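**Q** My structure is stored as query05.cif, with mmCIF, N, CA and C atoms.
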```
data_start
#
loop_
_atom_site.group_PDB
_atom_site.id
_atom_site.type_symbol
_atom_site.label_atom_id
_atom_site.label_comp_id
_atom_site.auth_asym_id
_atom_site.auth_seq_id
_atom_site.Cartn_x
_atom_site.Cartn_y
_atom_site.Cartn_z
ATOM 1 N N MET A 66 0.852 -1.190 0.000
ATOM 2 C CA MET A 66 0.000 0.000 0.000
ATOM 3 C C MET A 66 0.894 1.249 0.000
ATOM 4 N N PRO A 67 0.600 2.209 -0.891
ATOM 5 C CA PRO A 67 1.441 3.413 -0.979
ATOM 6 C C PRO A 67 1.298 4.283 0.270
ATOM 7 N N ASN A 68 2.398 4.933 0.640
ATOM 8 C CA ASN A 68 2.331 5.845 1.778
ATOM 9 C C ASN A 68 1.955 7.249 1.299
ATOM 10 N N GLY A 69 1.814 8.182 2.235
ATOM 11 C CA GLY A 69 1.383 9.537 1.905
ATOM 12 C C GLY A 69 2.302 10.253 0.939
ATOM 13 N N LEU A 70 3.595 10.025 1.091
ATOM 14 C CA LEU A 70 4.554 10.679 0.206
ATOM 15 C C LEU A 70 4.417 10.162 -1.224
ATOM 16 N N GLU A 71 4.216 8.866 -1.390
ATOM 17 C CA GLU A 71 4.046 8.291 -2.725
ATOM 18 C C GLU A 71 2.758 8.788 -3.384
ATOM 19 N N ILE A 72 1.710 8.909 -2.603
ATOM 20 C CA ILE A 72 0.440 9.417 -3.119
ATOM 21 C C ILE A 72 0.592 10.877 -3.545
ATOM 22 N N THR A 73 1.271 11.665 -2.716
ATOM 23 C CA THR A 73 1.491 13.073 -3.040
ATOM 24 C C THR A 73 2.340 13.215 -4.298
ATOM 25 N N LYS A 74 3.382 12.413 -4.431
ATOM 26 C CA LYS A 74 4.231 12.447 -5.636
ATOM 27 C C LYS A 74 3.425 12.120 -6.884
ATOM 28 N N ALA A 75 2.578 11.098 -6.799
ATOM 29 C CA ALA A 75 1.743 10.726 -7.946
ATOM 30 C C ALA A 75 0.792 11.863 -8.307
ATOM 31 N N ALA A 76 0.202 12.494 -7.289
ATOM 32 C CA ALA A 76 -0.714 13.610 -7.540
ATOM 33 C C ALA A 76 0.030 14.788 -8.154
ATOM 34 N N LEU A 77 1.245 15.057 -7.699
ATOM 35 C CA LEU A 77 2.043 16.139 -8.285
ATOM 36 C C LEU A 77 2.389 15.855 -9.739
ATOM 37 N N ASP A 78 2.756 14.612 -10.027
ATOM 38 C CA ASP A 78 3.054 14.234 -11.415
ATOM 39 C C ASP A 78 1.826 14.424 -12.301
ATOM 40 N N ASP A 79 0.667 13.988 -11.809
ATOM 41 C CA ASP A 79 -0.577 14.148 -12.560
ATOM 42 C C ASP A 79 -0.928 15.624 -12.728
ATOM 43 N N PHE A 80 -0.720 16.410 -11.678
ATOM 44 C CA PHE A 80 -1.009 17.845 -11.711
ATOM 45 C C PHE A 80 -0.181 18.520 -12.798
ATOM 46 N N LYS A 81 1.091 18.164 -12.870
ATOM 47 C CA LYS A 81 1.975 18.735 -13.887
ATOM 48 C C LYS A 81 1.479 18.379 -15.290
ATOM 49 N N LYS A 82 1.130 17.104 -15.500
ATOM 50 C CA LYS A 82 0.659 16.673 -16.825
ATOM 51 C C LYS A 82 -0.642 17.367 -17.209
ATOM 52 N N ILE A 83 -1.578 17.452 -16.266
ATOM 53 C CA ILE A 83 -2.871 18.094 -16.545
ATOM 54 C C ILE A 83 -2.662 19.553 -16.935
ATOM 55 N N GLN A 84 -1.767 20.236 -16.241
ATOM 56 C CA GLN A 84 -1.499 21.634 -16.583
ATOM 57 C C GLN A 84 -0.960 21.767 -18.004
ATOM 58 N N GLU A 85 -0.050 20.878 -18.370
ATOM 59 C CA GLU A 85 0.502 20.918 -19.732
ATOM 60 C C GLU A 85 -0.601 20.701 -20.766
ATOM 61 N N TYR A 86 -1.471 19.723 -20.510
ATOM 62 C CA TYR A 86 -2.581 19.450 -21.436
ATOM 63 C C TYR A 86 -3.560 20.620 -21.488
ATOM 64 N N MET A 87 -3.796 21.251 -20.345
ATOM 65 C CA MET A 87 -4.705 22.404 -20.315
ATOM 66 C C MET A 87 -4.158 23.548 -21.156
ATOM 67 N N LEU A 88 -2.866 23.805 -21.020
ATOM 68 C CA LEU A 88 -2.258 24.889 -21.791
ATOM 69 C C LEU A 88 -2.333 24.603 -23.286
ATOM 70 N N LEU A 89 -2.117 23.345 -23.669
ATOM 71 C CA LEU A 89 -2.243 22.976 -25.080
ATOM 72 C C LEU A 89 -3.682 23.116 -25.565
ATOM 73 N N ALA A 90 -4.632 22.657 -24.759
ATOM 74 C CA ALA A 90 -6.044 22.737 -25.145
ATOM 75 C C ALA A 90 -6.476 24.188 -25.286
ATOM 76 N N LYS A 91 -5.999 25.048 -24.391
ATOM 77 C CA LYS A 91 -6.342 26.472 -24.468
ATOM 78 C C LYS A 91 -5.747 27.089 -25.729
ATOM 79 N N GLU A 92 -4.508 26.727 -26.024
ATOM 80 C CA GLU A 92 -3.819 27.231 -27.216
ATOM 81 C C GLU A 92 -4.543 26.804 -28.494
ATOM 82 N N GLU A 93 -5.071 25.581 -28.495
ATOM 83 C CA GLU A 93 -5.765 25.038 -29.669
ATOM 84 C C GLU A 93 -7.252 25.388 -29.674
ATOM 85 N N ASN A 94 -7.685 26.139 -28.666
ATOM 86 C CA ASN A 94 -9.080 26.548 -28.525
ATOM 87 C C ASN A 94 -10.021 25.333 -28.455
ATOM 88 N N ALA A 95 -9.591 24.306 -27.755
ATOM 89 C CA ALA A 95 -10.381 23.088 -27.558
ATOM 90 C C ALA A 95 -11.182 23.248 -26.264
ATOM 91 N N THR A 96 -12.285 23.961 -26.350
ATOM 92 C CA THR A 96 -13.064 24.361 -25.186
ATOM 93 C C THR A 96 -13.572 23.178 -24.364
ATOM 94 N N LYS A 97 -14.127 22.173 -25.010
ATOM 95 C CA LYS A 97 -14.656 21.015 -24.277
ATOM 96 C C LYS A 97 -13.539 20.238 -23.600
ATOM 97 N N THR A 98 -12.446 20.071 -24.298
ATOM 98 C CA THR A 98 -11.300 19.367 -23.724
ATOM 99 C C THR A 98 -10.760 20.137 -22.528
ATOM 100 N N TYR A 99 -10.640 21.444 -22.677
ATOM 101 C CA TYR A 99 -10.139 22.277 -21.592
ATOM 102 C C TYR A 99 -11.040 22.165 -20.364
ATOM 103 N N ALA A 100 -12.340 22.183 -20.569
ATOM 104 C CA ALA A 100 -13.283 22.100 -19.450
ATOM 105 C C ALA A 100 -13.138 20.780 -18.706
ATOM 106 N N LYS A 101 -12.975 19.689 -19.426
ATOM 107 C CA LYS A 101 -12.802 18.373 -18.802
ATOM 108 C C LYS A 101 -11.489 18.313 -18.037
ATOM 109 N N LEU A 102 -10.429 18.832 -18.637
ATOM 110 C CA LEU A 102 -9.140 18.870 -17.960
ATOM 111 C C LEU A 102 -9.195 19.748 -16.717
ATOM 112 N N LYS A 103 -9.959 20.832 -16.778
ATOM 113 C CA LYS A 103 -10.072 21.726 -15.624
ATOM 114 C C LYS A 103 -10.718 21.008 -14.449
ATOM 115 N N ASP A 104 -11.698 20.146 -14.705
ATOM 116 C CA ASP A 104 -12.307 19.358 -13.631
ATOM 117 C C ASP A 104 -11.245 18.510 -12.929
ATOM 118 N N GLU A 105 -10.413 17.852 -13.724
ATOM 119 C CA GLU A 105 -9.345 17.015 -13.164
ATOM 120 C C GLU A 105 -8.323 17.866 -12.419
ATOM 121 N N TYR A 106 -7.996 19.011 -12.994
ATOM 122 C CA TYR A 106 -7.058 19.963 -12.386
ATOM 123 C C TYR A 106 -7.540 20.396 -11.008
ATOM 124 N N LEU A 107 -8.814 20.749 -10.907
ATOM 125 C CA LEU A 107 -9.357 21.212 -9.630
ATOM 126 C C LEU A 107 -9.358 20.101 -8.582
ATOM 127 N N THR A 108 -9.637 18.881 -9.010
ATOM 128 C CA THR A 108 -9.610 17.744 -8.090
ATOM 129 C C THR A 108 -8.190 17.527 -7.564
ATOM 130 N N LEU A 109 -7.228 17.513 -8.462
ATOM 131 C CA LEU A 109 -5.835 17.327 -8.046
ATOM 132 C C LEU A 109 -5.362 18.483 -7.164
ATOM 133 N N LYS A 110 -5.780 19.675 -7.487
ATOM 134 C CA LYS A 110 -5.398 20.848 -6.699
ATOM 135 C C LYS A 110 -5.944 20.733 -5.274
ATOM 136 N N ALA A 111 -7.163 20.260 -5.144
ATOM 137 C CA ALA A 111 -7.760 20.074 -3.821
ATOM 138 C C ALA A 111 -7.003 19.006 -3.025
ATOM 139 N N ILE A 112 -6.676 17.898 -3.679
ATOM 140 C CA ILE A 112 -5.930 16.822 -3.010
ATOM 141 C C ILE A 112 -4.570 17.332 -2.535
ATOM 142 N N LEU A 113 -3.888 18.061 -3.394
ATOM 143 C CA LEU A 113 -2.569 18.574 -3.030
ATOM 144 C C LEU A 113 -2.656 19.612 -1.915
ATOM 145 N N ASN A 114 -3.700 20.415 -1.914
ATOM 146 C CA ASN A 114 -3.890 21.375 -0.819
ATOM 147 C C ASN A 114 -4.098 20.663 0.501
ATOM 148 N N VAL A 115 -4.903 19.613 0.505
ATOM 149 C CA VAL A 115 -5.137 18.826 1.721
ATOM 150 C C VAL A 115 -3.834 18.181 2.190
ATOM 151 N N ALA A 116 -2.992 17.779 1.236
ATOM 152 C CA ALA A 116 -1.709 17.156 1.571
ATOM 153 C C ALA A 116 -0.684 18.190 2.055
ATOM 154 N N GLY A 117 -1.047 19.465 1.990
ATOM 155 C CA GLY A 117 -0.165 20.518 2.485
ATOM 156 C C GLY A 117 0.862 21.010 1.482
ATOM 157 N N VAL A 118 0.656 20.712 0.203
ATOM 158 C CA VAL A 118 1.596 21.142 -0.837
ATOM 159 C C VAL A 118 1.326 22.606 -1.183
ATOM 160 N N ASN A 119 2.369 23.413 -1.162
ATOM 161 C CA ASN A 119 2.263 24.813 -1.561
ATOM 162 C C ASN A 119 2.323 24.876 -3.087
ATOM 163 N N LEU A 120 1.233 25.258 -3.709
ATOM 164 C CA LEU A 120 1.135 25.269 -5.169
ATOM 165 C C LEU A 120 1.519 26.609 -5.792
ATOM 166 N N THR A 121 1.878 27.568 -4.982
ATOM 167 C CA THR A 121 2.145 28.918 -5.470
ATOM 168 C C THR A 121 3.125 28.939 -6.642
ATOM 169 N N ASP A 122 4.214 28.227 -6.530
ATOM 170 C CA ASP A 122 5.244 28.278 -7.568
ATOM 171 C C ASP A 122 5.032 27.289 -8.708
ATOM 172 N N ILE A 123 4.229 26.244 -8.490
ATOM 173 C CA ILE A 123 4.092 25.210 -9.513
ATOM 174 C C ILE A 123 2.776 25.278 -10.281
ATOM 175 N N ASP A 124 1.862 26.114 -9.825
ATOM 176 C CA ASP A 124 0.563 26.214 -10.500
ATOM 177 C C ASP A 124 0.674 27.201 -11.663
ATOM 178 N N LYS A 125 0.742 26.670 -12.877
ATOM 179 C CA LYS A 125 0.885 27.493 -14.078
ATOM 180 C C LYS A 125 -0.446 28.068 -14.547
ATOM 181 N N ILE A 126 -1.550 27.475 -14.135
ATOM 182 C CA ILE A 126 -2.868 27.872 -14.627
ATOM 183 C C ILE A 126 -3.422 29.052 -13.835
ATOM 184 N N LYS A 127 -3.237 29.061 -12.541
ATOM 185 C CA LYS A 127 -3.661 30.153 -11.644
ATOM 186 C C LYS A 127 -5.171 30.399 -11.704
ATOM 187 N N GLU A 128 -5.958 29.339 -11.793
ATOM 188 C CA GLU A 128 -7.426 29.497 -11.791
ATOM 189 C C GLU A 128 -7.994 29.019 -10.484
#
```
Once you've parsed the file, please lay out its structure as C-alpha cells.

**A**
Amino acid sequence: MPNGLEITKAALDDFKKIQEYMLLAKEENATKTYAKLKDEYLTLKAILNVAGVNLTDIDKIKE
C-alpha cells in the first residue's frame, strides 16, 4: 500500500501533466477538452492542498 509521500508524488506528477494538457487545449481553442481537464485539475489541486503542498510556484494555470 502506498504511503502519503508516494500518493502526493503521484498527484504532483498528474497535476503537472494536466497543466501541460490544459495549456495545449487552451492554445488550440479546444473548449470542451479544456473544461474536462479543468475538472481534473481542480480535483488534483484540492488533493494537493489537503496534503499541504504549496502550489504557489508550480501552479501554471492560476485558476

**Q** Interatomic distance between CA of Leu70 (chain A) and atom N of Ala100 (chain A)?

**A**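 For CA of Leu70 (chain A) relative to atom N of Ala100 (chain A), the distance reads 29.1 Å.
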
**Q** Any chance you could work out the residue set of the PyMOL selection byres (((chain A and resi 71-74 and name CA) around 12) and name CA) here, as a list of chain:residue names?

**A**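 Output from the PyMOL selection byres (((chain A and resi 71-74 and name CA) around 12) and name CA), applied to this file: A:Met66, A:Pro67, A:Asn68, A:Gly69, A:Leu70, A:Ala75, A:Ala76, A:Leu77, A:Asp78, A:Asp79, A:Phe80, A:Lys81, A:Leu109, A:Lys110, A:Ala111, A:Ile112, A:Leu113, A:Asn114, A:Val115, A:Ala116, A:Gly117, A:Val118, A:Asn119.
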
**Q** Can you spell out as a count of residues only the set of residues that the PyMOL selection byres (((chain A and resi 103 and name CA) around 10) and name CA) selects in the structure I just provided?

**A** 18

**Q** In Å, with one decimal, what is the gap from CA of Glu93 (chain A) to atom N of Lys127 (chain A)?

**A**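 Those two atoms sit 17.8 Å apart.
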